[in-house]
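Trainee: Below is a structure I'd like to ask you about.
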Amino acid sequence: MKEAVHISGIPSPGPDLQELLVQVARGDQDAFTQVYDQVSGPVLGLVRSVLRDPAQSEEVAQEVLVEVWRTAPRFQPSRGSAMNWVLTLAHHRAVDRVRSAQAAAVREHKAALLDRTPDFDEVSEQVETRLEREQVRRCLRTLSEIQRESVTLAYYRGLTYREVGELLSVPLGTIKTRLRDGLIRLRDCLGVNA
Amino acid sequence: MSTAELHTLTGAYALHALPEDERLSFERHLGACEACAQEVRELSATAARLGLAVSATAPGAMRARVLREITTVRQEPPSHGRISRAGAARGRAGRWTTYALAACVAAAAALGGVAVWQNQLAQDARQEARQAREHNTQLSRVLAAPDARTVSAALEGGARGTVVVSQSENRAVFAASGLARPPGGKVYQLWFDDGGTMRSAGLVEASDTDEAVLMDGPVDRASGMGITVEPAGGSARPTTQPLGLMGFPAA
C-alpha cells in the first residue's frame, strides 16, 4: 500500500496520484481515501481563495471531492496530470458558485476586491506547500503589474475578463492579451510542461 | 471577432474567465485547433500551480463526510458524453471550423505538436468539428500545413480577404470577411495569377461568402490570386475589374 503523500510541490505529484485515480475509476474506495489525502488540501485552499466564506468553501470543496469520485472514470492519464484535473474541476465549481451567487455583490465591492491579494497567510505551513508558494510568488513578481493583477483577479477571485477589465479600467482587448501573456510568462518561469 | 483575437482567449479560458457564451464559442475553436488546445493545456496546468500555492489543510470532519458520502454516489461510466450541448452547437459547427482553422495557422506553425486536453467538452467539439470537415479535409490540410503562409488585403467595398497558401500541399484557401452577397445573377470567382494570366480557381457560392473555401486547382507557379464578380456560372477569363488582388507570400 502506498503512503499518502501530502501536497507535493510539483504540479504532478508523480505517477501515484494518476495511478490511484485509475483505481478509483474502478470503484476502489481505499484508493479514493488516498486521493482524498493528497488533493483535499489544495482543493479546499483554492476554493476558499475564490469564495472566502469558510462554510461555503467547505461545502463546495466537499462537492468537488465527491465529483472526483463520481467522474474518476472520465479521467484519462494520457491527457494531463491528475492534480491539474482535480484543481481545474475545483476552480470551475468555485467560479460557478461565484458567478451564480455573487456576481452583483462582486461588482459593488470594487475597492475591497482590489485590496485583496491571495491570502497566503491563512494557508497551511507544510514545507512543500511553502516552497510551491514561494516559487509561485517569485514568478508572479516577474509579471508586469497589469498582468499580475489581471491573472490574480481572474483566478483567485473568479472574475470574468470583462469584470477584470471593468475593475482595472483597462480595455477588454488589453485584458485578454494580458491574461495570456501573464500566464505564458508564469508558465515559463515555473517550468510547466504539459 | 478576428482570428488573432480568438487565439488570445487561451489565457482567459485557462483561468475560467470567459463568460458562458464566449466559453462555448472558444471551445468550438479549440476543438478544431490542436495547437490552441496545447497552449490551453499548458496555461491550464500553469493556473493549477496558482491553485496549489494556496493549499490549505482540510478539517478532519470534512474527510469523514466525503468518505461517507462517496459510498452512496454512483460513478459515471467512462464514455460519458454531453450530447445535448454538442447537438446544440452543431448548427454552427461548420462555420466555426473554418474560422477556427484559419485562426490556427499561425499557432500551428509556432507550436506544433499533438494537443491533448482533458476537457470533455473540447473533445466533443473537436469530434464535431472533425465530422464537419470530413468533406473538407484538403482545406484543413492546407490550413494546418507547416509551411502555410497567410496574406490579407482589403477588397473593394470594405471587405477583407485572406489567403492561405501551402507550397507543400500546392493548394490555397481563400476566406473573406464582410464580403457582401453578390448582386443577383452574379457570383464571385477566384483566380490564380500565373504571371499576369488569370486562371480560374472556382466560384464562391453566395451562401459561402463568409466561409473559407479551397481554391480549385493547384497553386503551381501562381504568384498571387484575385477575386472578381462574374455572371452566374463563372467566366473563362475575368470580365470585370478585380475586387482585390493578393500576391502570395514567399515560402
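Simple scheme: letters A, B, ... for chains in C-alpha cells order, numbers from 1 for residues in each chain, numbers from 1 for ligands in the order shown.
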Could you list the residues in chain B lying within 6 Å of chain A, using only C-alpha atoms, and format the result as a PyMOL selection string?
Mentor: chain B and resi 8+11-12+15+17-18+42+45-46+48+51-58+75-76+78+116-118
Trainee: Output C-alpha atoms for every residue in that selection, as an mmCIF file, in the first residue's frame.
Mentor:
data_model
loop_
_atom_site.group_PDB
_atom_site.id
_atom_site.type_symbol
_atom_site.label_atom_id
_atom_site.label_comp_id
_atom_site.auth_asym_id
_atom_site.auth_seq_id
_atom_site.Cartn_x
_atom_site.Cartn_y
_atom_site.Cartn_z
ATOM 1 C CA THR B 8 -5.620 35.452 -27.356
ATOM 2 C CA GLY B 11 -5.340 32.727 -21.242
ATOM 3 C CA ALA B 12 -8.825 33.830 -20.239
ATOM 4 C CA LEU B 15 -8.403 30.928 -15.989
ATOM 5 C CA ALA B 17 -12.543 33.945 -17.072
ATOM 6 C CA LEU B 18 -14.765 33.737 -20.137
ATOM 7 C CA GLU B 42 -0.118 24.373 -20.706
ATOM 8 C CA ALA B 45 -1.512 23.496 -15.883
ATOM 9 C CA THR B 46 0.053 26.853 -15.020
ATOM 10 C CA ALA B 48 -3.320 24.873 -11.395
ATOM 11 C CA GLY B 51 -4.121 26.811 -7.057
ATOM 12 C CA LEU B 52 -1.509 24.609 -5.417
ATOM 13 C CA ALA B 53 0.153 27.693 -3.998
ATOM 14 C CA VAL B 54 -2.853 28.459 -1.804
ATOM 15 C CA SER B 55 -3.226 24.937 -0.499
ATOM 16 C CA ALA B 56 -4.873 24.722 2.912
ATOM 17 C CA THR B 57 -5.382 21.988 5.477
ATOM 18 C CA ALA B 58 -8.788 20.388 5.237
ATOM 19 C CA GLN B 75 -19.735 6.569 -10.542
ATOM 20 C CA GLU B 76 -20.165 7.678 -14.116
ATOM 21 C CA PRO B 78 -16.009 6.165 -18.721
ATOM 22 C CA VAL B 116 -4.132 16.715 -25.629
ATOM 23 C CA TRP B 117 -6.673 18.387 -23.448
ATOM 24 C CA GLN B 118 -8.534 16.941 -20.557
#
Trainee: Name the residues in contact with Gly161 in chain B at a cut-off of 9 Å, using only C-alpha atoms, excluding same-chain residues fewer than 5 positions from it; report them as a PyMOL selection string.
Mentor: chain B and resi 151-155+174-179+244+246
Trainee: Keeping N, CA and C atoms, export the residues of the selection given above as a PDB file, in the first residue's frame.
Mentor:
ATOM      1  N   VAL B 151      -1.750  35.756 -46.184  1.00  0.00           N
ATOM      2  CA  VAL B 151      -1.669  37.165 -46.546  1.00  0.00           C
ATOM      3  C   VAL B 151      -3.092  37.712 -46.606  1.00  0.00           C
ATOM      4  N   SER B 152      -3.256  38.954 -46.154  1.00  0.00           N
ATOM      5  CA  SER B 152      -4.571  39.586 -46.103  1.00  0.00           C
ATOM      6  C   SER B 152      -4.519  40.906 -46.832  1.00  0.00           C
ATOM      7  N   ALA B 153      -5.635  41.302 -47.393  1.00  0.00           N
ATOM      8  CA  ALA B 153      -5.699  42.611 -48.033  1.00  0.00           C
ATOM      9  C   ALA B 153      -7.137  43.091 -48.049  1.00  0.00           C
ATOM     10  N   ALA B 154      -7.275  44.409 -48.107  1.00  0.00           N
ATOM     11  CA  ALA B 154      -8.612  44.990 -48.210  1.00  0.00           C
ATOM     12  C   ALA B 154      -9.143  44.725 -49.610  1.00  0.00           C
ATOM     13  N   LEU B 155     -10.439  44.428 -49.703  1.00  0.00           N
ATOM     14  CA  LEU B 155     -11.086  44.256 -51.002  1.00  0.00           C
ATOM     15  C   LEU B 155     -11.987  45.467 -51.238  1.00  0.00           C
ATOM     16  N   PHE B 174      -9.046  30.450 -49.574  1.00  0.00           N
ATOM     17  CA  PHE B 174      -9.413  31.851 -49.533  1.00  0.00           C
ATOM     18  C   PHE B 174     -10.560  32.044 -48.555  1.00  0.00           C
ATOM     19  N   ALA B 175     -10.502  33.128 -47.795  1.00  0.00           N
ATOM     20  CA  ALA B 175     -11.623  33.477 -46.917  1.00  0.00           C
ATOM     21  C   ALA B 175     -11.784  34.982 -46.926  1.00  0.00           C
ATOM     22  N   ALA B 176     -13.021  35.431 -46.853  1.00  0.00           N
ATOM     23  CA  ALA B 176     -13.266  36.869 -46.803  1.00  0.00           C
ATOM     24  C   ALA B 176     -14.130  37.181 -45.607  1.00  0.00           C
ATOM     25  N   SER B 177     -13.947  38.356 -45.044  1.00  0.00           N
ATOM     26  CA  SER B 177     -14.880  38.802 -44.016  1.00  0.00           C
ATOM     27  C   SER B 177     -15.539  40.072 -44.517  1.00  0.00           C
ATOM     28  N   GLY B 178     -16.804  40.193 -44.254  1.00  0.00           N
ATOM     29  CA  GLY B 178     -17.547  41.386 -44.657  1.00  0.00           C
ATOM     30  C   GLY B 178     -17.824  41.451 -46.147  1.00  0.00           C
ATOM     31  N   LEU B 179     -17.731  40.309 -46.803  1.00  0.00           N
ATOM     32  CA  LEU B 179     -17.990  40.298 -48.237  1.00  0.00           C
ATOM     33  C   LEU B 179     -19.506  40.226 -48.464  1.00  0.00           C
ATOM     34  N   GLY B 244     -10.129  42.572 -55.655  1.00  0.00           N
ATOM     35  CA  GLY B 244      -8.866  42.572 -54.942  1.00  0.00           C
ATOM     36  C   GLY B 244      -7.884  41.628 -55.603  1.00  0.00           C
ATOM     37  N   MET B 246      -4.117  39.717 -54.560  1.00  0.00           N
ATOM     38  CA  MET B 246      -3.166  39.498 -53.474  1.00  0.00           C
ATOM     39  C   MET B 246      -1.990  38.680 -53.974  1.00  0.00           C
TER      40      MET B 246
END
Trainee: Any idea what's packed within 12 Å of Ala236 in chain B, counting only C-alpha atoms, ignoring anything in its chain fewer than 4 positions away? Could you give it as a list in words?
Mentor: Gln189, Leu190, Trp191, Thr197, Met198, Arg199, Ser200, Ala201, Gly202, Leu203, Thr228, Glu230, Pro231 and Thr240 of chain B
Trainee: Give the alpha helix (DSSP H) residues of range 27-190 of chain A, as DSSP finds them on the backbone, and put them as a compact mmCIF listing (two decimals) with C-alpha atoms, in the first residue's frame.
Mentor:
# COMPACT_ATOMS: atom_id res chain seq x y z
CA GLN A 29 -12.74 3.27 -2.09
CA ASP A 30 -9.38 2.74 -0.38
CA ALA A 31 -7.68 4.31 -3.35
CA PHE A 32 -10.09 7.22 -3.09
CA THR A 33 -9.11 7.75 0.53
CA GLN A 34 -5.52 8.17 -0.60
CA VAL A 35 -6.56 10.50 -3.38
CA TYR A 36 -8.52 12.50 -0.84
CA ASP A 37 -5.48 12.85 1.38
CA GLN A 38 -3.45 14.22 -1.49
CA VAL A 39 -5.92 16.60 -3.04
CA SER A 40 -8.24 17.82 -0.29
CA GLY A 41 -5.81 20.50 0.95
CA PRO A 42 -5.20 22.03 -2.48
CA VAL A 43 -8.91 21.80 -3.34
CA LEU A 44 -10.07 23.50 -0.16
CA GLY A 45 -7.36 26.16 -0.34
CA LEU A 46 -8.23 27.03 -3.91
CA VAL A 47 -11.97 27.08 -3.35
CA ARG A 48 -11.50 29.22 -0.26
CA SER A 49 -9.31 31.70 -2.07
CA VAL A 50 -12.13 32.24 -4.55
CA LEU A 51 -15.14 32.08 -2.25
CA PRO A 54 -15.30 29.32 5.15
CA ALA A 55 -18.56 27.40 5.41
CA GLN A 56 -19.44 27.83 1.77
CA SER A 57 -15.89 26.91 0.78
CA GLU A 58 -16.03 23.70 2.72
CA GLU A 59 -19.35 22.85 1.14
CA VAL A 60 -18.05 23.43 -2.39
CA ALA A 61 -14.77 21.62 -1.68
CA GLN A 62 -16.78 18.66 -0.47
CA GLU A 63 -18.86 18.70 -3.66
CA VAL A 64 -15.70 18.80 -5.73
CA LEU A 65 -14.19 15.84 -3.90
CA VAL A 66 -17.33 13.77 -4.35
CA GLU A 67 -17.29 14.78 -8.02
CA VAL A 68 -13.74 13.45 -8.24
CA TRP A 69 -15.09 10.11 -7.08
CA ARG A 70 -18.09 10.26 -9.41
CA THR A 71 -16.23 11.31 -12.55
CA ALA A 82 -4.30 14.22 -12.08
CA MET A 83 -3.69 17.22 -9.84
CA ASN A 84 -4.34 19.53 -12.75
CA TRP A 85 -7.57 17.71 -13.49
CA VAL A 86 -8.75 17.96 -9.90
CA LEU A 87 -7.79 21.61 -9.47
CA THR A 88 -9.40 22.55 -12.79
CA LEU A 89 -12.58 20.93 -11.56
CA ALA A 90 -12.30 22.73 -8.21
CA HIS A 91 -11.73 26.09 -9.85
CA HIS A 92 -14.70 25.57 -12.14
CA ARG A 93 -17.00 24.77 -9.25
CA ALA A 94 -15.79 27.69 -7.18
CA VAL A 95 -16.17 30.06 -10.10
CA ASP A 96 -19.64 28.69 -10.90
CA ARG A 97 -20.64 29.47 -7.34
CA ALA A 103 -21.83 38.43 -9.41
CA ALA A 104 -23.73 41.52 -8.36
CA ALA A 105 -22.07 41.80 -4.99
CA VAL A 106 -18.65 41.48 -6.56
CA ARG A 107 -19.21 44.50 -8.72
CA GLU A 108 -20.38 46.53 -5.76
CA LYS A 110 -14.81 47.01 -6.35
CA ALA A 111 -12.46 48.71 -3.93
CA ALA A 112 -12.47 45.90 -1.43
CA LEU A 113 -11.69 43.41 -4.17
CA LEU A 114 -8.74 45.34 -5.43
CA ASP A 115 -7.18 45.28 -1.97
CA VAL A 127 7.21 22.63 3.71
CA GLU A 128 6.20 21.53 0.21
CA THR A 129 3.36 24.00 0.16
CA ARG A 130 5.61 26.76 1.36
CA LEU A 131 8.14 26.03 -1.37
CA GLU A 132 5.45 25.92 -4.00
CA ARG A 133 4.03 29.17 -2.70
CA GLU A 134 7.42 30.84 -2.70
CA GLN A 135 8.04 29.79 -6.25
CA VAL A 136 4.66 30.98 -7.45
CA ARG A 137 5.07 34.25 -5.60
CA ARG A 138 8.52 34.76 -7.07
CA CYS A 139 7.23 34.07 -10.55
CA LEU A 140 4.22 36.33 -10.07
CA ARG A 141 6.71 39.10 -9.38
CA GLU A 145 1.69 44.90 -12.72
CA ILE A 146 -1.31 44.71 -15.00
CA GLN A 147 -0.53 41.13 -15.97
CA ARG A 148 -0.28 40.13 -12.32
CA GLU A 149 -3.42 41.96 -11.31
CA SER A 150 -5.39 40.54 -14.21
CA VAL A 151 -4.27 36.97 -13.62
CA THR A 152 -4.81 37.02 -9.87
CA LEU A 153 -8.20 38.75 -10.08
CA ALA A 154 -9.36 36.24 -12.66
CA TYR A 155 -8.00 33.17 -10.94
CA TYR A 156 -8.18 33.88 -7.23
CA ARG A 157 -11.32 35.99 -7.36
CA TYR A 161 -12.14 39.06 -18.05
CA ARG A 162 -14.87 41.64 -18.56
CA GLU A 163 -15.14 42.18 -14.83
CA VAL A 164 -11.37 42.37 -14.56
CA GLY A 165 -11.32 44.98 -17.30
CA GLU A 166 -14.00 46.98 -15.53
CA LEU A 167 -12.20 46.82 -12.20
CA LEU A 168 -8.87 47.87 -13.63
CA LEU A 172 -11.16 44.33 -22.85
CA GLY A 173 -8.78 43.54 -25.68
CA THR A 174 -5.88 44.51 -23.45
CA ILE A 175 -7.11 42.33 -20.60
CA LYS A 176 -7.36 39.28 -22.85
CA THR A 177 -3.82 39.81 -24.03
CA ARG A 178 -2.53 40.44 -20.52
CA LEU A 179 -4.13 37.26 -19.19
CA ARG A 180 -2.48 35.24 -21.92
CA ASP A 181 0.89 36.98 -21.74
CA GLY A 182 0.87 36.78 -17.97
CA LEU A 183 0.15 33.06 -17.93
CA ILE A 184 2.76 32.41 -20.60
CA ARG A 185 5.35 34.21 -18.53
CA LEU A 186 4.29 32.27 -15.45
CA ARG A 187 4.41 29.02 -17.38
CA ASP A 188 7.96 29.71 -18.46
CA CYS A 189 9.05 30.86 -15.03
CA LEU A 190 7.52 27.82 -13.31
Trainee: Using only C-alpha atoms, which of the listed residues (A:Ser100, A:Asp16, A:Val22, A:Asp28) sits closest to Pro19 in chain B?
Mentor: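 Between A:Ser100, A:Asp16, A:Val22, A:Asp28, the residue approaching Pro19 in chain B most closely is A:Ser100.
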Trainee: How many Å lie between CA of Ser235 in chain B and CA of Glu169 in chain B, rounded to one decimal?
Mentor: 26.1 Å
